[in-house]
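A.B. asks: I am sharing data39.cif, which consists of mmCIF, C-alpha atoms:
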```cif
data_final
#
loop_
_atom_site.label_atom_id
_atom_site.label_comp_id
_atom_site.auth_asym_id
_atom_site.auth_seq_id
_atom_site.Cartn_x
_atom_site.Cartn_y
_atom_site.Cartn_z
CA MET A 1 4.04 -89.19 227.43
CA ASN A 2 1.83 -90.78 224.81
CA PHE A 3 -0.03 -88.54 222.33
CA ALA A 4 -2.26 -89.19 219.35
CA PHE A 5 -2.68 -86.53 216.66
CA LEU A 6 -5.64 -86.35 214.31
CA ASP A 7 -6.34 -84.53 211.03
CA SER A 8 -8.10 -85.24 207.73
CA GLY A 9 -4.72 -85.51 206.00
CA ILE A 10 -1.11 -84.49 206.54
CA GLY A 11 -1.96 -81.01 207.87
CA GLY A 12 -1.22 -81.77 211.51
CA ILE A 13 2.24 -83.28 210.95
CA PRO A 14 4.09 -80.00 211.72
CA TYR A 15 2.22 -79.89 215.03
CA LEU A 16 3.40 -83.38 216.00
CA LEU A 17 6.97 -82.58 214.96
CA HIS A 18 6.91 -79.36 216.97
CA LEU A 19 5.75 -81.17 220.11
CA LYS A 20 8.55 -83.71 219.59
CA LYS A 21 11.07 -80.86 219.51
CA ILE A 22 9.84 -79.69 222.89
CA VAL A 23 9.55 -83.18 224.41
CA PRO A 24 11.79 -85.54 222.40
CA ASN A 25 10.90 -88.56 224.54
CA ALA A 26 7.16 -88.24 223.88
CA THR A 27 5.66 -91.22 222.04
CA CYS A 28 3.32 -90.07 219.28
CA ALA A 29 0.95 -91.51 216.72
CA TYR A 30 -0.80 -89.72 213.88
CA LEU A 31 -4.04 -90.57 212.12
CA ALA A 32 -4.87 -88.99 208.77
CA ASP A 33 -8.52 -89.52 207.93
CA THR A 34 -7.68 -89.68 204.23
CA ARG A 35 -10.81 -91.63 203.39
CA ASN A 36 -12.87 -88.57 204.37
CA PHE A 37 -10.54 -85.81 203.17
CA PRO A 38 -11.25 -82.90 203.03
CA TYR A 39 -13.25 -81.92 206.11
CA GLY A 40 -13.28 -78.24 205.19
CA GLU A 41 -16.07 -78.63 202.63
CA LYS A 42 -18.32 -80.90 204.72
CA SER A 43 -21.50 -80.14 206.63
CA ASP A 44 -21.46 -79.86 210.42
CA ALA A 45 -23.10 -83.27 210.74
CA SER A 46 -20.55 -84.93 208.45
CA ILE A 47 -17.62 -83.35 210.29
CA ASN A 48 -18.96 -84.66 213.60
CA GLU A 49 -19.56 -88.15 212.23
CA CYS A 50 -16.15 -88.43 210.58
CA ALA A 51 -14.31 -87.00 213.58
CA PHE A 52 -16.02 -89.40 215.99
CA SER A 53 -15.12 -92.40 213.81
CA ALA A 54 -11.51 -91.27 213.42
CA VAL A 55 -10.99 -90.72 217.14
CA SER A 56 -12.55 -94.10 217.86
CA LEU A 57 -10.03 -95.74 215.52
CA ILE A 58 -6.93 -94.12 217.00
CA VAL A 59 -8.12 -94.76 220.58
CA GLN A 60 -8.53 -98.45 219.82
CA ALA A 61 -5.23 -98.75 217.95
CA TRP A 62 -3.02 -96.53 220.08
CA HIS A 63 -4.51 -96.15 223.58
CA PRO A 64 -3.41 -92.50 223.75
CA GLU A 65 -3.06 -90.70 227.04
CA THR A 66 -3.81 -87.37 225.36
CA ILE A 67 -5.33 -86.58 221.95
CA VAL A 68 -4.42 -83.52 219.89
CA VAL A 69 -7.00 -82.57 217.27
CA ALA A 70 -4.51 -80.99 214.87
CA CYS A 71 -7.24 -79.66 212.61
CA ASN A 72 -8.92 -76.27 212.91
CA THR A 73 -12.07 -77.46 211.13
CA ILE A 74 -12.64 -80.41 213.46
CA SER A 75 -11.81 -78.27 216.48
CA VAL A 76 -14.25 -75.45 215.79
CA HIS A 77 -17.07 -77.84 214.82
CA ALA A 78 -16.64 -81.05 216.81
CA LEU A 79 -14.31 -80.55 219.77
CA GLU A 80 -17.00 -80.34 222.44
CA MET A 81 -18.75 -83.40 221.03
CA LEU A 82 -15.50 -85.35 221.11
CA ARG A 83 -14.80 -84.33 224.68
CA THR A 84 -18.27 -85.50 225.68
CA GLN A 85 -17.96 -88.84 223.90
CA PHE A 86 -14.38 -89.58 225.06
CA GLN A 87 -14.45 -88.23 228.59
CA GLY A 88 -11.66 -90.47 229.83
CA ILE A 89 -9.05 -88.91 227.52
CA PRO A 90 -7.90 -85.27 227.53
CA ILE A 91 -8.49 -83.75 224.06
CA VAL A 92 -6.69 -80.59 222.97
CA GLY A 93 -8.00 -78.63 220.01
CA THR A 94 -6.45 -76.30 217.47
CA VAL A 95 -7.93 -72.91 216.65
CA PRO A 96 -6.64 -70.10 214.42
CA ALA A 97 -4.06 -67.86 216.09
CA ILE A 98 -6.22 -64.75 215.91
CA LYS A 99 -5.12 -63.65 219.37
CA ARG A 100 -1.45 -63.84 218.35
CA ALA A 101 -2.15 -61.93 215.13
CA ALA A 102 -3.91 -59.18 217.08
CA GLU A 103 -0.80 -58.87 219.26
CA VAL A 104 1.61 -58.44 216.35
CA THR A 105 -0.41 -56.39 213.85
CA LYS A 106 0.45 -52.71 213.61
CA ASN A 107 -2.23 -51.50 211.22
CA LYS A 108 -5.04 -53.66 212.71
CA ARG A 109 -5.71 -55.44 209.41
CA ILE A 110 -5.49 -59.22 209.76
CA GLY A 111 -5.74 -61.89 207.09
CA LEU A 112 -7.28 -65.25 208.01
CA LEU A 113 -6.47 -68.13 205.65
CA ALA A 114 -8.53 -71.21 206.47
CA THR A 115 -11.08 -73.69 205.17
CA ASN A 116 -14.55 -72.54 204.19
CA ALA A 117 -16.04 -74.49 207.09
CA THR A 118 -13.77 -72.69 209.55
CA ILE A 119 -14.18 -69.11 208.38
CA HIS A 120 -17.98 -69.35 208.47
CA ASP A 121 -18.21 -70.91 211.93
CA THR A 122 -19.63 -68.86 214.80
CA TYR A 123 -16.69 -69.88 217.01
CA ILE A 124 -14.32 -67.90 214.78
CA LYS A 125 -16.55 -64.84 215.07
CA GLN A 126 -16.32 -65.20 218.85
CA LEU A 127 -12.52 -65.38 218.68
CA GLU A 128 -12.53 -62.20 216.65
CA ARG A 129 -14.75 -60.44 219.20
CA ASP A 130 -12.70 -61.71 222.15
CA PHE A 131 -9.20 -60.99 220.86
CA ALA A 132 -9.35 -58.75 217.80
CA SER A 133 -12.33 -56.48 218.29
CA ASP A 134 -10.27 -53.46 217.27
CA CYS A 135 -9.05 -55.16 214.08
CA THR A 136 -10.53 -55.79 210.67
CA ILE A 137 -10.40 -59.47 209.64
CA PHE A 138 -10.11 -60.38 205.98
CA ALA A 139 -11.02 -64.06 205.78
CA ARG A 140 -10.32 -66.32 202.82
CA GLY A 141 -11.36 -69.95 202.45
CA ASP A 142 -8.88 -71.72 200.19
CA ALA A 143 -9.94 -75.30 199.42
CA PRO A 144 -7.66 -75.50 196.32
CA LEU A 145 -4.60 -74.76 198.45
CA VAL A 146 -5.57 -77.45 200.97
CA SER A 147 -5.91 -79.96 198.12
CA PHE A 148 -2.57 -78.87 196.61
CA ILE A 149 -0.75 -79.40 199.89
CA GLU A 150 -2.35 -82.79 200.47
CA GLY A 151 -1.91 -84.13 196.97
CA GLN A 152 0.90 -82.30 195.21
CA MET A 153 3.15 -80.48 197.66
CA THR A 154 5.68 -83.27 198.21
CA SER A 155 6.50 -83.47 194.50
CA ALA A 156 5.95 -79.80 193.59
CA THR A 157 8.71 -77.43 192.53
CA ASP A 158 9.36 -74.15 194.33
CA VAL A 159 7.70 -72.34 191.44
CA GLN A 160 4.58 -74.49 191.74
CA LYS A 161 4.42 -73.94 195.51
CA LEU A 162 4.68 -70.20 195.05
CA ALA A 163 1.94 -70.26 192.41
CA ALA A 164 -0.31 -72.22 194.79
CA VAL A 165 -0.14 -69.58 197.55
CA MET A 166 -0.28 -66.50 195.32
CA PRO A 167 -4.10 -66.17 195.13
CA ALA A 168 -4.21 -65.90 198.91
CA VAL A 169 -1.13 -63.67 199.10
CA THR A 170 -2.57 -61.34 196.46
CA TYR A 171 -5.86 -61.09 198.35
CA PHE A 172 -4.16 -60.20 201.65
CA LYS A 173 -1.78 -57.73 200.02
CA LYS A 174 -4.71 -56.04 198.28
CA ASN A 175 -6.31 -55.55 201.69
CA ASP A 176 -3.07 -54.29 203.25
CA CYS A 177 -2.91 -57.02 205.91
CA ASP A 178 0.25 -56.92 208.00
CA ALA A 179 -0.54 -60.15 209.87
CA ILE A 180 -1.75 -63.40 208.31
CA VAL A 181 -3.18 -66.29 210.33
CA LEU A 182 -2.68 -69.77 208.90
CA GLY A 183 -6.03 -71.08 210.11
CA CYS A 184 -5.77 -74.56 208.62
CA THR A 185 -3.01 -76.86 209.82
CA HIS A 186 -2.26 -77.86 206.21
CA PHE A 187 -1.01 -74.34 205.57
CA THR A 188 1.76 -74.66 208.15
CA HIS A 189 3.61 -76.84 205.62
CA MET A 190 3.81 -73.77 203.39
CA ALA A 191 4.43 -71.11 206.04
CA HIS A 192 7.89 -70.34 204.69
CA VAL A 193 6.51 -69.98 201.16
CA VAL A 194 3.78 -67.60 202.31
CA SER A 195 6.29 -65.58 204.35
CA ALA A 196 8.61 -65.21 201.38
CA ALA A 197 5.73 -64.23 199.09
CA VAL A 198 4.24 -61.54 201.34
CA GLY A 199 7.65 -60.02 202.07
CA ALA A 200 9.06 -58.08 204.99
CA GLY A 201 6.73 -56.30 207.34
CA VAL A 202 4.02 -58.97 207.33
CA SER A 203 3.81 -61.48 210.18
CA VAL A 204 2.66 -65.01 209.32
CA VAL A 205 1.41 -66.82 212.43
CA ASP A 206 0.04 -70.26 213.29
CA SER A 207 -0.89 -72.26 216.39
CA ARG A 208 1.89 -74.85 216.50
CA ASP A 209 3.69 -73.69 219.60
CA GLY A 210 0.57 -72.84 221.56
CA VAL A 211 -1.09 -76.17 220.80
CA ALA A 212 2.02 -78.21 221.62
CA ARG A 213 2.56 -76.47 224.95
CA GLN A 214 -1.11 -76.73 225.88
CA ALA A 215 -1.10 -80.45 225.06
CA ILE A 216 1.94 -80.98 227.27
CA LYS A 217 0.38 -78.94 230.10
CA VAL A 218 -2.94 -80.82 229.91
CA HIS A 219 -1.12 -84.14 229.81
CA GLU A 220 1.00 -83.35 232.86
CA GLU A 221 -2.00 -82.11 234.85
CA ARG A 222 -4.00 -85.24 234.03
CA ALA A 223 -1.05 -87.52 234.83
CA LYS A 224 -0.87 -86.06 238.34
CA LYS A 225 -4.58 -86.77 238.88
CA ALA A 226 -4.69 -90.27 237.37
CA PRO A 227 -1.19 -91.85 237.36
CA ALA A 228 -2.52 -95.42 237.33
CA ILE A 229 -4.35 -94.87 234.04
CA PHE A 230 -1.28 -93.36 232.44
CA ASP A 231 0.95 -96.18 233.67
CA ALA A 232 -1.39 -98.73 232.07
CA ALA A 233 -1.30 -96.92 228.74
CA ALA A 234 2.48 -96.75 228.87
CA ASP A 235 2.66 -100.55 229.11
CA PHE A 236 1.00 -100.78 225.69
CA LEU A 237 3.71 -98.84 223.87
CA ASP A 238 7.43 -98.69 223.38
CA ASP A 239 9.85 -96.37 221.63
CA ALA A 240 10.01 -98.67 218.61
CA ARG A 241 6.49 -97.57 217.63
CA ASP A 242 7.08 -93.85 218.09
CA SER A 243 5.94 -91.43 215.38
CA MET A 244 3.66 -93.92 213.65
CA PHE A 245 1.51 -92.60 210.79
CA PHE A 246 -1.85 -94.27 210.18
CA SER A 247 -4.47 -93.65 207.52
CA THR A 248 -8.13 -94.57 207.08
CA GLY A 249 -7.75 -95.63 203.46
CA PHE A 250 -6.67 -94.73 199.94
CA ALA A 251 -8.21 -94.66 196.49
CA SER A 252 -5.27 -96.52 194.95
CA GLU A 253 -2.01 -98.30 195.71
CA SER A 254 -0.03 -95.42 194.23
CA GLU A 255 -1.68 -93.04 196.67
CA ALA A 256 -0.67 -95.26 199.58
CA GLU A 257 2.91 -95.28 198.27
CA LYS A 258 2.87 -91.48 198.12
CA TYR A 259 1.91 -91.21 201.78
CA SER A 260 4.47 -93.83 202.77
CA ALA A 261 7.18 -91.83 200.99
CA PHE A 262 6.01 -88.67 202.72
CA CYS A 263 6.38 -90.38 206.11
CA ALA A 264 9.96 -91.31 205.29
CA SER A 265 10.72 -87.72 204.27
CA VAL A 266 9.68 -86.36 207.68
CA GLY A 267 11.15 -89.19 209.75
CA MET A 268 7.88 -90.93 210.63
CA ARG A 269 7.06 -94.64 210.59
CA TRP A 270 4.46 -95.98 208.19
CA GLY A 271 1.70 -97.68 210.19
CA GLY A 272 -0.67 -98.46 207.34
CA VAL A 273 -4.46 -98.35 207.22
CA LEU A 274 -6.76 -98.57 210.25
CA LEU A 275 -10.06 -100.22 209.33
CA GLN A 276 -13.37 -99.50 211.01
#
```
As structure tokens, please, write out the structure in this file.
C.D. replies:
Amino acid sequence: MNFAFLDSGIGGIPYLLHLKKIVPNATCAYLADTRNFPYGEKSDASINECAFSAVSLIVQAWHPETIVVACNTISVHALEMLRTQFQGIPIVGTVPAIKRAAEVTKNKRIGLLATNATIHDTYIKQLERDFASDCTIFARGDAPLVSFIEGQMTSATDVQKLAAVMPAVTYFKKNDCDAIVLGCTHFTHMAHVVSAAVGAGVSVVDSRDGVARQAIKVHEERAKKAPAIFDAAADFLDDARDSMFFSTGFASESEAEKYSAFCASVGMRWGGVLLQ
């Protein structure tokens, strides 16, 4: 199994690691579109343009059998476009776990923590109507928290991490939410911090398990239909290149060193910059 994961930064790493727990022998690559970070504050047109370029890069460099868009913002805005443009490769998206939150909430008051681009998208409103029509959704776009996780989390103290999530936690507590959806993959890095801050009785949910299992299912179904294509892709890779982390560029050498150190801390290999 050969997967490529895509996000604007490090947000999707927990999704890759979760899939590896389920299928340890899967060969994975990760592309962080750091040159265009963050996606959550971009226009629809910019998100589509950046996502298309990023997928083109990882397809050329990695020859993935299946692509996981480990970014809620890209998924709700650009997933259908990507599937149209890259029809030969199965592409699995990531959307906020509103359905799961609706299943676990007791008071029908759900908090949605995401990017501004995600919470205002019509697709999210459809998810709410489909799976949480009897619930009240309290949505919060938190660009500062996304930036904190991308730029400061790896060197931050526990106190600093707690301070970073408290504006969101305070908002959801004020609205008596007993379920909180982490609707940006970046926030999964801080799930334990959010859980500790909101306290007992509040469920904090994300899409990691659902996305990983769907990606595996889609991959297996496609492999049965087109084994020759998958065999050819397998010839391109070997275990020595597993868990490679690629970027689209950095503002400085020190920034590149920061990402390289992050890779080492999560057991991934540093692949360097992919140029367009």
A.B. asks: My list of candidates is A:Gly40, A:Pro64, A:Gly151, A:Pro167. Which is closest to Thr115 (chain A) when distances are computed with only C-alpha atoms?
C.D. replies: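 Nearest to Thr115 (chain A): A:Gly40.
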A.B. asks: Neighbouring residues of Asp121 (chain A) were defined as those with any atom within 12 Å, considering only C-alpha atoms; residues of the same chain fewer than 2 positions away were excluded. Please report them as a JSON list (two decimals) with C-alpha atoms, in the coordinates of the input.
C.D. replies:
```
[["chain", "number", "residue", "atom", "x", "y", "z"],
["A", 40, "GLY", "CA", -13.28, -78.24, 205.19],
["A", 43, "SER", "CA", -21.50, -80.14, 206.63],
["A", 44, "ASP", "CA", -21.46, -79.86, 210.42],
["A", 72, "ASN", "CA", -8.92, -76.27, 212.91],
["A", 73, "THR", "CA", -12.07, -77.46, 211.13],
["A", 74, "ILE", "CA", -12.64, -80.41, 213.46],
["A", 75, "SER", "CA", -11.81, -78.27, 216.48],
["A", 76, "VAL", "CA", -14.25, -75.45, 215.79],
["A", 77, "HIS", "CA", -17.07, -77.84, 214.82],
["A", 78, "ALA", "CA", -16.64, -81.05, 216.81],
["A", 95, "VAL", "CA", -7.93, -72.91, 216.65],
["A", 96, "PRO", "CA", -6.64, -70.10, 214.42],
["A", 114, "ALA", "CA", -8.53, -71.21, 206.47],
["A", 115, "THR", "CA", -11.08, -73.69, 205.17],
["A", 116, "ASN", "CA", -14.55, -72.54, 204.19],
["A", 117, "ALA", "CA", -16.04, -74.49, 207.09],
["A", 118, "THR", "CA", -13.77, -72.69, 209.55],
["A", 119, "ILE", "CA", -14.18, -69.11, 208.38],
["A", 123, "TYR", "CA", -16.69, -69.88, 217.01],
["A", 124, "ILE", "CA", -14.32, -67.90, 214.78],
["A", 125, "LYS", "CA", -16.55, -64.84, 215.07],
["A", 126, "GLN", "CA", -16.32, -65.20, 218.85],
["A", 127, "LEU", "CA", -12.52, -65.38, 218.68],
["A", 128, "GLU", "CA", -12.53, -62.20, 216.65],
["A", 139, "ALA", "CA", -11.02, -64.06, 205.78],
["A", 141, "GLY", "CA", -11.36, -69.95, 202.45]]
```
A.B. asks: May I ask which of the residues A:Ala264, A:Val204, A:Leu162, A:Cys28 is the closest one to His63 (chain A), counting only C-alpha atoms?
C.D. replies: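 Among the listed residues, the smallest separation from His63 (chain A) belongs to A:Cys28.
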A.B. asks: One number please: CA of Met166 (chain A) to CA of Val202 (chain A), in Å, one decimal.
C.D. replies: 14.8 Å
A.B. asks: Running the PyMOL selection byres ((chain A and resi 153) around 12) on this model by hand, what would come out? Give it as an NGL selection string.
C.D. replies: :A and (10-11 or 144-152 or 154-165 or 186-187 or 189-190 or 193 or 258-259 or 262)
A.B. asks: Hey, which of A:Ser254, A:Thr105, A:Ser56, A:Thr27 ends up closest to Val181 (chain A)? Count all atoms listed in the file.
C.D. replies: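 When distances to Val181 (chain A) are compared using all atoms listed in the file, the smallest one comes from A:Thr105.
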A.B. asks: Using the chain letters and numbers from the file, give me the residues hit by the PyMOL selection byres ((chain A and resi 244) around 9), as a PDB file with C-alpha atoms, in the frame of the given file.
C.D. replies:
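As a result, part_37.pdb now contains:
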```
ATOM      1  CA  CYS A  28       3.320 -90.070 219.280  1.00  0.00           C
ATOM      2  CA  ALA A  29       0.950 -91.510 216.720  1.00  0.00           C
ATOM      3  CA  TYR A  30      -0.800 -89.720 213.880  1.00  0.00           C
ATOM      4  CA  LEU A  31      -4.040 -90.570 212.120  1.00  0.00           C
ATOM      5  CA  ARG A 241       6.490 -97.570 217.630  1.00  0.00           C
ATOM      6  CA  ASP A 242       7.080 -93.850 218.090  1.00  0.00           C
ATOM      7  CA  SER A 243       5.940 -91.430 215.380  1.00  0.00           C
ATOM      8  CA  PHE A 245       1.510 -92.600 210.790  1.00  0.00           C
ATOM      9  CA  PHE A 246      -1.850 -94.270 210.180  1.00  0.00           C
ATOM     10  CA  CYS A 263       6.380 -90.380 206.110  1.00  0.00           C
ATOM     11  CA  MET A 268       7.880 -90.930 210.630  1.00  0.00           C
ATOM     12  CA  ARG A 269       7.060 -94.640 210.590  1.00  0.00           C
ATOM     13  CA  TRP A 270       4.460 -95.980 208.190  1.00  0.00           C
ATOM     14  CA  GLY A 271       1.700 -97.680 210.190  1.00  0.00           C
ATOM     15  CA  GLY A 272      -0.670 -98.460 207.340  1.00  0.00           C
TER      16      GLY A 272
END
```
A.B. asks: Can you list, as a PyMOL selection string, every protein, DNA or RNA residue that comes within 7 Å of region 14-24 of chain A when you count only C-alpha atoms, leaving out same-chain residues fewer than 6 positions away?
C.D. replies: chain A and resi 5+70+188-189+208+212
A.B. asks: Those selected residues, please, written with C-alpha atoms and delivered as a short mmCIF file (atom, residue, chain, number, x, y, z; two decimals), in the coordinates of the input.
C.D. replies:
```cif
data_model
loop_
_atom_site.label_atom_id
_atom_site.label_comp_id
_atom_site.auth_asym_id
_atom_site.auth_seq_id
_atom_site.Cartn_x
_atom_site.Cartn_y
_atom_site.Cartn_z
CA PHE A 5 -2.68 -86.53 216.66
CA ALA A 70 -4.51 -80.99 214.87
CA THR A 188 1.76 -74.66 208.15
CA HIS A 189 3.61 -76.84 205.62
CA ARG A 208 1.89 -74.85 216.50
CA ALA A 212 2.02 -78.21 221.62
#
```
A.B. asks: Mind giving me the straight-line distance from CA of Val92 (chain A) to CA of Ser265 (chain A) in Å, one decimal?
C.D. replies: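 CA of Val92 (chain A) sits 26.5 Å away from CA of Ser265 (chain A).
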